[in-house]
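Asks: Here it is, the structure in full.
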Amino acid sequence: MPELPEVETMRLQLKKYLTGHKILSVIVNNRKTFQGDEGKIIGGKVVDVRRFGKVSVIDLDNNYSILTHVKLTGQYIYRGPNLKTPGKLSSKVAGGIPGPHTLVIFNLDHHGKLYYNDIRRFGWIRIEKTPDVESEKFIVKLGPEPFKGLTLQVFGDILSKTSRAIKVVLMDQEKMGGVGNIYANDALWLSEINPKTLAKNIGSNSVKKLYEAILSVLEEGMKYGGASELTFVTPDGAEGQYQDHTLVYGHDGEPCERCHKAVIQKIFIGGRGTYFCPNCQKL
Ligand SMILES: [Zn+2]
């Protein structure tokens, strides 16, 4: 599932490509995906694109906003004049655009188009009044996130009050937003903490190391435009590259790059694939 670096990359590109475009019409091929009245956004001009956790919010100048959660396999792909050099479309855009997985098409002025593709169809798009966005239930419930409210102090407090495995806590979006499976694995390896360690048992030095590791892996993720492990593509139609730069995620069976004394193991914690070095990430 796309995590903070992927959704943030998506936000930055949507902002770059959509700002100034006016929505001329909307084609909804799957009503379950698109909630609300598309009539409300016709004629609206994009003024900003914000992000709350994994939800992107496209703000229009007519007081309406388009909220999107791409969930597992949703993809926004832009084609139009703001894409200076339209690159080759990633093969991860299954079926092409428009194709059998294109559920919504936004027709924009100046011959622009924004396609929403979603193979698994878990994602959603919702129209709301802009002033109501921040009181949305899932936005109110969002925990603080790295680079936005999650200070070292707040992070330490969350951990000290939790007796669950640290990896599960990092991925709990109501405790803290934005850190999903790939980056949680890498941050724990980087800070030499075993993913099974109970959050409250982590000493203050390690808490600080982990905090810095989280910021560092997320920054790396954003630098590479996110990870395109499954179906994530950026709105320019290309792929993120972080999957080729992970520290420990997906490296099971390979020697640990830091200690060279053990092989990366894969276990499951909370049902999610967890990668760690049994030598440098001792319990
Ligand atoms: Zn190691």
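Labels for the structure tokens follow display order: chains A, B, ..., residues from 1 in each chain, ligands from 1.
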Using only C-alpha atoms and all ligand atoms, find each protein or nucleic acid residue lying at most 7 Å from ligand 1; present the set as a PyMOL selection string.
Replies: chain A and resi 256-262+277-281
Asks: Taking only region 84-255 of chain A into account, list the residues labelled strand (DSSP E or B) by DSSP (computed from the backbone), as a list in words.
Replies: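 Residues of region 84-255 of chain A classed as strand (DSSP E or B): Thr102, Leu103, Val104, Ile105, Phe106, Asn107, Leu108, Lys113, Leu114, Tyr115, Tyr116, Asn117, Asp118, Trp124, Ile125, Arg126, Ile127, Glu128, Lys129, Glu145, Lys148, Gly149, Ala165, Leu198 and Pro255 of chain A.
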Asks: Using only C-alpha atoms, find the one residue out of A:Gly270, A:Pro100, A:Pro131, A:Gly112 that sits nearest to Lys167 (chain A).
Replies: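 Of A:Gly270, A:Pro100, A:Pro131, A:Gly112, the one nearest Lys167 (chain A) is A:Gly270, counting only C-alpha atoms.
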Asks: Using only C-alpha atoms, can you tell me which of A:Val140, A:Lys71, A:Gln13, A:His21 comes closest to Phe52 (chain A)?
Replies: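 Looking only at the distances to Phe52 (chain A), the closest residue turns out to be A:Val140.
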Asks: Find the residues near region 234-239 of chain A: any atom within 8 Å, counting only C-alpha atoms, skip ones fewer than 6 places away on the same chain, and give them as number ranges by chain.
Replies: A: 6, 9-10, 13-14, 75-79, 83, 86-90, 93, 225, 227-228
Asks: Using DSSP secondary structure from the backbone, list all alpha helix (DSSP H) positions within region 37-270 of chain A, as a PyMOL selection string.
Replies: chain A and resi 137-141+152-160+166-171+181-190+204-223
Asks: Give me the residues within 6 Å of region 23-26 of chain A as a ChimeraX atom specification, counting only C-alpha atoms and dropping any in the same chain fewer than 6 places off.
Replies: /A:42-44,105-108
Asks: Please write the residues from the selection above to a file, keeping all heavy atoms, as an mmCIF file, in the first residue's frame.
Replies:
data_model
loop_
_atom_site.group_PDB
_atom_site.id
_atom_site.type_symbol
_atom_site.label_atom_id
_atom_site.label_comp_id
_atom_site.auth_asym_id
_atom_site.auth_seq_id
_atom_site.Cartn_x
_atom_site.Cartn_y
_atom_site.Cartn_z
ATOM 1 N N ILE A 42 -17.840 20.546 -11.473
ATOM 2 C CA ILE A 42 -17.732 21.010 -12.860
ATOM 3 C C ILE A 42 -17.551 22.534 -12.853
ATOM 4 O O ILE A 42 -18.271 23.256 -12.164
ATOM 5 C CB ILE A 42 -19.002 20.646 -13.676
ATOM 6 C CG1 ILE A 42 -19.329 19.154 -13.574
ATOM 7 C CG2 ILE A 42 -18.851 21.086 -15.133
ATOM 8 C CD1 ILE A 42 -18.304 18.216 -14.102
ATOM 9 N N GLY A 43 -16.586 22.990 -13.585
ATOM 10 C CA GLY A 43 -16.310 24.428 -13.643
ATOM 11 C C GLY A 43 -15.347 24.899 -12.574
ATOM 12 O O GLY A 43 -14.867 26.026 -12.616
ATOM 13 N N GLY A 44 -15.071 24.033 -11.601
ATOM 14 C CA GLY A 44 -14.130 24.402 -10.533
ATOM 15 C C GLY A 44 -12.697 24.366 -11.045
ATOM 16 O O GLY A 44 -12.339 23.518 -11.866
ATOM 17 N N ILE A 105 -12.638 9.473 -15.034
ATOM 18 C CA ILE A 105 -11.847 10.369 -15.885
ATOM 19 C C ILE A 105 -12.314 11.808 -15.638
ATOM 20 O O ILE A 105 -13.510 12.099 -15.718
ATOM 21 C CB ILE A 105 -12.012 10.042 -17.388
ATOM 22 C CG1 ILE A 105 -11.623 8.586 -17.674
ATOM 23 C CG2 ILE A 105 -11.166 10.997 -18.243
ATOM 24 C CD1 ILE A 105 -11.990 8.112 -19.080
ATOM 25 N N PHE A 106 -11.363 12.662 -15.294
ATOM 26 C CA PHE A 106 -11.660 14.089 -15.159
ATOM 27 C C PHE A 106 -11.184 14.757 -16.451
ATOM 28 O O PHE A 106 -9.993 14.715 -16.762
ATOM 29 C CB PHE A 106 -10.907 14.698 -13.977
ATOM 30 C CG PHE A 106 -11.252 14.089 -12.637
ATOM 31 C CD1 PHE A 106 -10.631 12.915 -12.205
ATOM 32 C CD2 PHE A 106 -12.184 14.692 -11.800
ATOM 33 C CE1 PHE A 106 -10.932 12.359 -10.967
ATOM 34 C CE2 PHE A 106 -12.491 14.139 -10.560
ATOM 35 C CZ PHE A 106 -11.875 12.970 -10.144
ATOM 36 N N ASN A 107 -12.116 15.340 -17.194
ATOM 37 C CA ASN A 107 -11.735 16.084 -18.391
ATOM 38 C C ASN A 107 -11.453 17.518 -17.983
ATOM 39 O O ASN A 107 -12.295 18.191 -17.383
ATOM 40 C CB ASN A 107 -12.851 16.023 -19.429
ATOM 41 C CG ASN A 107 -12.985 14.626 -20.014
ATOM 42 O OD1 ASN A 107 -11.997 14.016 -20.448
ATOM 43 N ND2 ASN A 107 -14.198 14.091 -20.002
ATOM 44 N N LEU A 108 -10.238 17.988 -18.302
ATOM 45 C CA LEU A 108 -9.799 19.312 -17.875
ATOM 46 C C LEU A 108 -9.731 20.244 -19.069
ATOM 47 O O LEU A 108 -9.721 19.780 -20.229
ATOM 48 C CB LEU A 108 -8.410 19.188 -17.222
ATOM 49 C CG LEU A 108 -8.281 18.081 -16.165
ATOM 50 C CD1 LEU A 108 -6.815 17.891 -15.780
ATOM 51 C CD2 LEU A 108 -9.108 18.414 -14.931
#
Asks: Any idea what the distance is between CA of Gly156 (chain A) and CA of Ile182 (chain A)?
Replies: 21.4 Å
Asks: Check the smallest atom-to-atom distance from each of A:Gly240, A:Gly20, A:Pro98, A:Gly53 to Gly180 (chain A) using only C-alpha atoms, then report the winner.
Replies: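 Selected residue with least distance to Gly180 (chain A): A:Gly53.
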